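Participant: Take this structure first; my questions come after.
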Amino acid sequence: MSSRTLPLLFINLGGEMLYILDQRLRAQNIPADKAKKVSTIPGWIEADRKRVMNDIITTMFNKKFLEELFKPQELYSKKALRTVFDRLAHASIMRLNQASMDKLYDLMTMAFKYQVLLCPRPKDILLVSFNHMDAIKDFVKDTPSILSQVDETYRQLIEMYTPLSSGEFQLIRQTLLIFFQDMHIRVSIFLKDKVQNSNGRFVLPTSGPVPHGTQVPGLIRMFSCTGEEFTRLKFNNGGNYTTALREGSFDIFGDRVTKLGTNMYSVSRPVETHMSGTSKNSAQHTKVSAAPNPLAKEELNLLARLMGGLEVQKPGNADTGFRISLFATDEEEEEALISRPDELSCGVINIQATKDQQANAELAKIMGEFTESGDQSPSVSNKGDDLLAMMDGL
Amino acid sequence: MYHKEKSIQIKNSASALYNNLSVLRIAPRRLTHFTVVHANMVNMVSASWDGLNYTHRQLQSKEPNVATSTSLIMQAAFCVLPSRDLLVVTSQKGIQMYESDGSIMVYWHALDTPETPTAQAVFARGIAAVYENYICVGVSSGAILVFDVPSKGSNITLSEVLEEHKESITDMASECSGSQECIANLVTADDGGNLCVWKSGEEFQLLNKIPGFDMSCSSVKLWKGTAVAGYGTGQIRLYEAVTGILHAEINAHARWIYSVDIAPFSGLLLSAAEDSLVRVWHMTITPETNSVEVAHLHNECVTDTQICGARFCDGDGYAFAVTGYDLSEIIRYIQS
């Protein structure tokens, strides 16, 4: 259908991915005051988060890649697009196993499907894209080189999309809706906010402001042959509509008016801390096979564990503090610090360091499975099962 | 005024396309065919009037003799001509015409698709059977292909290409009152909201052009010389086709209209939009006195659904059917 759909699909999905990753990376931040004992770690984590975001955004806005993307073409297949995002997610030092990547992708796609469906006018998809772009720009505001790439992309979006007619935007929207057809994955944040029903379908309200350019339904005007209005009739529109809001800005800067496409993960959610709590419990029983955590079925939780979203334990005594280690000696740890995969920072290691070599070896094996590209992770479709499967595999 | 009847399940969900439901009532066999488009497939279900039998069929859009090539379908519509009924399917690759039960493809017309994709999409959309033996199909370039259809057989030929619209064709409709006296018997609509009014014949004659306001007209019908058009702004406008006089303007829906339909014997009008609402109106049109009146009769809300197709199932408007994006059923309503 429309050959101009791919850039919008990519940028919006990419934006959602960055929101989710940013939120998870922040969730594993160690509070500064608790970090005094281990001075290198917290600064490193903050720098890490920025680095991961910068690396992914740099890759997303790679000049050659974008050139390819903006060429007129049919949408990639679902598989092909998923591969693009797999590569993108691994453009930094961060690693995700298969199941986490699945969950991340599900979240991204359902979020954008929601935004496309709820857009009052097809042209508003461009405003949604600008919301994502604005947030991405904010992520890299301290890095001029990437910032200029982002600005260039704004210009390309404006050049390509602002001249399009409403009908052409609707064709883009229809193309996107075919791509998202029959996807009804339940997303916890959406369920909580009551924007999604338990059957996975989104709530479409028959109330609120009408789109820009539309009148509130309820009026019939009839005209004579000379063009004079000779009567008006009102009818009940069956909803609760209000007049349209002002139009959002289609410039590089400006108030987009719509909230669709803004970061819905930025407000800290109770469900996350709750997840952390239960994760902590299950982690303490590493030697014993963990009972299935009902909250493990929450989509973000999987990702959270692997990204280190676990709440760090309060230090039992001053010495252990946040000195989380998988290694028997400090020297080993130091060496590993230099060469270790960054994603395995503190949060994941909410497991008490033990002097038990056996336990360490087992834990190291779990970590090893995290670092690999996920080819051998068990293919499970049930949320929360993969971590358990890993445990079972010990 | 209407109540919900038992829905008909279809094999796939409906795609978000304009006018995504077509209905053909076959009285002698006491059954009704319904077609709903899903991506590159047409789901056809034939329902017996006693509600006991449902037969399903799926048609894929692809070039004949090419096993793998498929493309997205834009529209499927039944075309009723005096001598025969055909099912026309339009896609990104071309136009297919089948016998009305979907059993045999009788004609294939390929569109000129460029080697590498261009910024302007290529597809066919907008289908109408026009007196006396023509089938007209619109194209994304704005062109209208006129096919001459013999009373039987597959010797269908392209008789004319009408080049008046500059934007993609969205929908078209022929005069459905059954009256032979109407001067105009075809109205075509495009993405800019422009309407063209034609008289059919060996050479089609352009009678009038009604300009749009840069707002797409997604669905149009022609009844008793009045063009009824549904727009992306949610408005419905009634124009006297030949003169372009605006008779009525309705702020009908809060979102983009996807379908309008008319029951020619009773003057009932059906409109459906992305706002989840289906509305029933009544039109009183007296061509002799040039008077047009519209009244609102009824609303139905299909909760949490963006409607993409709505059609009366019979000429009186006793029953109507509705399809929605991501819904795998045809919802039916009948008069109480």
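Residue names in the structure tokens use chain letters A, B, ... in the order shown, residue numbers from 1 in each chain, and ligand numbers from 1 in the order shown.
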Please determine the contact residues of chain B with respect to chain A at a cut-off of 6 Å, counting only C-alpha atoms, and supply them as a ChimeraX atom specification.
Facilitator: /B:16,117-119,121,191,216,233,247-254,304,326
Participant: Can you tell me which residues surround region 176-186 of chain B at a distance of at most 9 Å, considering only C-alpha atoms, apart from same-chain residues fewer than 5 positions away, and format the answer as a PDB file with C-alpha atoms, in the first residue's frame?
Facilitator:
```pdb
ATOM      1  CA  ALA B 128     -19.217   0.347  -9.590  1.00  0.00           C
ATOM      2  CA  ALA B 129     -21.498  -1.442 -12.022  1.00  0.00           C
ATOM      3  CA  VAL B 130     -22.995   1.116 -14.354  1.00  0.00           C
ATOM      4  CA  TYR B 131     -25.964   0.982 -16.705  1.00  0.00           C
ATOM      5  CA  CYS B 196     -17.152  13.811 -10.710  1.00  0.00           C
ATOM      6  CA  VAL B 197     -20.571  13.125 -12.139  1.00  0.00           C
ATOM      7  CA  TRP B 198     -20.891  11.077 -15.332  1.00  0.00           C
ATOM      8  CA  LYS B 199     -23.353   9.769 -17.841  1.00  0.00           C
ATOM      9  CA  SER B 200     -22.479   6.315 -19.114  1.00  0.00           C
ATOM     10  CA  LEU B 207     -21.597  16.180 -16.489  1.00  0.00           C
ATOM     11  CA  LYS B 221     -23.628   6.892  -3.173  1.00  0.00           C
ATOM     12  CA  LEU B 222     -26.009   8.221  -5.824  1.00  0.00           C
ATOM     13  CA  TRP B 223     -29.769   8.112  -5.372  1.00  0.00           C
ATOM     14  CA  LYS B 224     -32.448   9.974  -7.237  1.00  0.00           C
ATOM     15  CA  GLY B 225     -29.852  12.271  -8.692  1.00  0.00           C
ATOM     16  CA  ALA B 241     -25.218  15.682  -8.713  1.00  0.00           C
ATOM     17  CA  VAL B 242     -25.769  17.430 -12.013  1.00  0.00           C
ATOM     18  CA  ILE B 262     -28.509   3.676   0.800  1.00  0.00           C
ATOM     19  CA  ALA B 263     -31.578   1.447   0.803  1.00  0.00           C
ATOM     20  CA  PRO B 264     -33.133   2.606  -2.475  1.00  0.00           C
ATOM     21  CA  PHE B 265     -36.742   1.586  -1.844  1.00  0.00           C
TER      22      PHE B 265
END
```
Participant: Please provide as a list in words all residues within 6 Å of Val278 (chain B), with the sequence filter that same-chain residues fewer than 2 positions apart are discarded (counting only C-alpha atoms).
Facilitator: Ser271, Ala272, Asn299 and Glu300 of chain B
Participant: Please extract the residues of region 45-114 of chain A with a backbone DSSP assignment of alpha helix (DSSP H) and present them as a PyMOL selection string.
Facilitator: chain A and resi 45-60+63-69+78-89+98-114
Participant: What's around Arg30 (chain B) at 12 Å? Count only C-alpha atoms, leave out sequence neighbours fewer than 5 positions away in its own chain, and write the answer as a list in words.
Facilitator: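 The contact residues come out as Leu24, Arg25, Ser46, Ala47, Ser48, Trp49, Asp50, Gly51, Leu52 and Asn53 of chain B.
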Participant: In region 65-244 of chain A, what's strand (DSSP E or B) per DSSP? Answer as a list in words?
Facilitator: Gln196, Phe202, Ser207, Gly208, Pro209, Leu219, Ile220, Arg221, Met222, Phe223, Glu229, Phe230, Thr231, Arg232, Leu233, Lys234, Asn240, Tyr241 and Thr242 of chain A
Participant: Find the residues near Thr286 (chain B): any atom within 12 Å, counting only C-alpha atoms, skip ones fewer than 3 places away on the same chain, and give them as a PyMOL selection string.
Facilitator: chain B and resi 223-226+240+247+267+283+289-294
Participant: The selected residues should be written to file as a compact mmCIF listing (two decimals), in the first residue's frame (atoms: all heavy atoms).
Facilitator:
```txt
# COMPACT_ATOMS: atom_id res chain seq x y z
N TRP B 223 -28.37 8.55 -5.46
CA TRP B 223 -29.77 8.11 -5.37
C TRP B 223 -30.67 9.25 -5.78
O TRP B 223 -30.59 10.36 -5.23
CB TRP B 223 -30.08 7.68 -3.93
CG TRP B 223 -31.45 7.11 -3.73
CD1 TRP B 223 -31.96 5.96 -4.27
CD2 TRP B 223 -32.47 7.64 -2.90
NE1 TRP B 223 -33.23 5.75 -3.83
CE2 TRP B 223 -33.58 6.76 -2.99
CE3 TRP B 223 -32.59 8.77 -2.09
CZ2 TRP B 223 -34.77 6.98 -2.30
CZ3 TRP B 223 -33.77 8.99 -1.39
CH2 TRP B 223 -34.85 8.10 -1.52
N LYS B 224 -31.50 8.98 -6.73
CA LYS B 224 -32.45 9.97 -7.24
C LYS B 224 -31.72 11.27 -7.59
O LYS B 224 -32.17 12.37 -7.27
CB LYS B 224 -33.52 10.27 -6.19
CG LYS B 224 -34.48 9.10 -5.98
CD LYS B 224 -35.67 9.55 -5.14
CE LYS B 224 -36.69 8.45 -5.01
NZ LYS B 224 -37.81 8.84 -4.15
N GLY B 225 -30.59 11.11 -8.23
CA GLY B 225 -29.85 12.27 -8.69
C GLY B 225 -29.10 13.01 -7.60
O GLY B 225 -28.49 14.06 -7.86
N THR B 226 -29.13 12.49 -6.39
CA THR B 226 -28.42 13.13 -5.28
C THR B 226 -27.20 12.31 -4.92
O THR B 226 -27.30 11.11 -4.66
CB THR B 226 -29.34 13.26 -4.04
OG1 THR B 226 -30.49 14.03 -4.38
CG2 THR B 226 -28.60 13.92 -2.88
N GLU B 240 -26.86 17.88 -5.19
CA GLU B 240 -27.58 17.53 -6.40
C GLU B 240 -26.48 17.30 -7.44
O GLU B 240 -25.73 18.23 -7.78
CB GLU B 240 -28.47 18.70 -6.82
CG GLU B 240 -29.33 18.37 -8.01
CD GLU B 240 -30.26 19.52 -8.32
OE1 GLU B 240 -31.31 19.63 -7.65
OE2 GLU B 240 -29.93 20.33 -9.22
N HIS B 247 -27.36 20.46 -0.87
CA HIS B 247 -28.69 20.44 -0.25
C HIS B 247 -28.65 20.25 1.25
O HIS B 247 -29.49 20.77 1.97
CB HIS B 247 -29.55 19.34 -0.87
CG HIS B 247 -30.17 19.74 -2.16
ND1 HIS B 247 -31.04 20.80 -2.27
CD2 HIS B 247 -30.05 19.23 -3.40
CE1 HIS B 247 -31.42 20.93 -3.53
NE2 HIS B 247 -30.83 19.99 -4.25
N GLY B 267 -35.28 4.95 1.05
CA GLY B 267 -34.57 6.20 1.29
C GLY B 267 -33.81 6.23 2.59
O GLY B 267 -33.44 7.30 3.09
N MET B 283 -33.80 9.94 4.15
CA MET B 283 -33.76 11.03 3.16
C MET B 283 -35.08 11.10 2.42
O MET B 283 -35.64 10.07 2.02
CB MET B 283 -32.66 10.76 2.12
CG MET B 283 -31.28 10.63 2.70
SD MET B 283 -30.06 10.33 1.42
CE MET B 283 -30.55 8.73 0.85
N THR B 289 -39.38 18.90 -7.31
CA THR B 289 -39.39 20.18 -6.60
C THR B 289 -38.01 20.53 -6.07
O THR B 289 -37.84 21.52 -5.37
CB THR B 289 -40.36 20.15 -5.40
OG1 THR B 289 -39.99 19.03 -4.56
CG2 THR B 289 -41.79 19.99 -5.87
N ASN B 290 -37.05 19.71 -6.41
CA ASN B 290 -35.68 19.98 -5.96
C ASN B 290 -35.53 20.03 -4.46
O ASN B 290 -34.72 20.80 -3.93
CB ASN B 290 -35.21 21.35 -6.51
CG ASN B 290 -34.13 21.14 -7.56
OD1 ASN B 290 -33.43 20.13 -7.52
ND2 ASN B 290 -34.02 22.06 -8.47
N SER B 291 -36.34 19.29 -3.75
CA SER B 291 -36.21 19.36 -2.29
C SER B 291 -35.57 18.09 -1.74
O SER B 291 -35.83 16.98 -2.20
CB SER B 291 -37.57 19.59 -1.65
OG SER B 291 -38.25 18.38 -1.52
N VAL B 292 -34.68 18.35 -0.79
CA VAL B 292 -33.97 17.25 -0.14
C VAL B 292 -34.05 17.46 1.36
O VAL B 292 -33.73 18.54 1.86
CB VAL B 292 -32.48 17.23 -0.57
CG1 VAL B 292 -31.72 16.18 0.24
CG2 VAL B 292 -32.36 16.96 -2.05
N GLU B 293 -34.52 16.46 2.06
CA GLU B 293 -34.54 16.56 3.53
C GLU B 293 -33.92 15.33 4.15
O GLU B 293 -34.05 14.22 3.61
CB GLU B 293 -35.98 16.70 4.02
CG GLU B 293 -36.48 18.13 3.87
CD GLU B 293 -37.95 18.24 4.22
OE1 GLU B 293 -38.42 17.47 5.07
OE2 GLU B 293 -38.60 19.12 3.62
N VAL B 294 -33.24 15.55 5.25
CA VAL B 294 -32.61 14.43 5.96
C VAL B 294 -33.01 14.48 7.42
O VAL B 294 -33.04 15.55 8.02
CB VAL B 294 -31.06 14.54 5.92
CG1 VAL B 294 -30.44 13.24 6.43
CG2 VAL B 294 -30.55 14.87 4.55
```
Participant: Residues at most 12 Å from Arg155 (chain A), counting only C-alpha atoms, excluding those fewer than 6 positions away in the same chain, as a PyMOL selection string?
Facilitator: chain A and resi 130+133+148-149+161-162+250-253
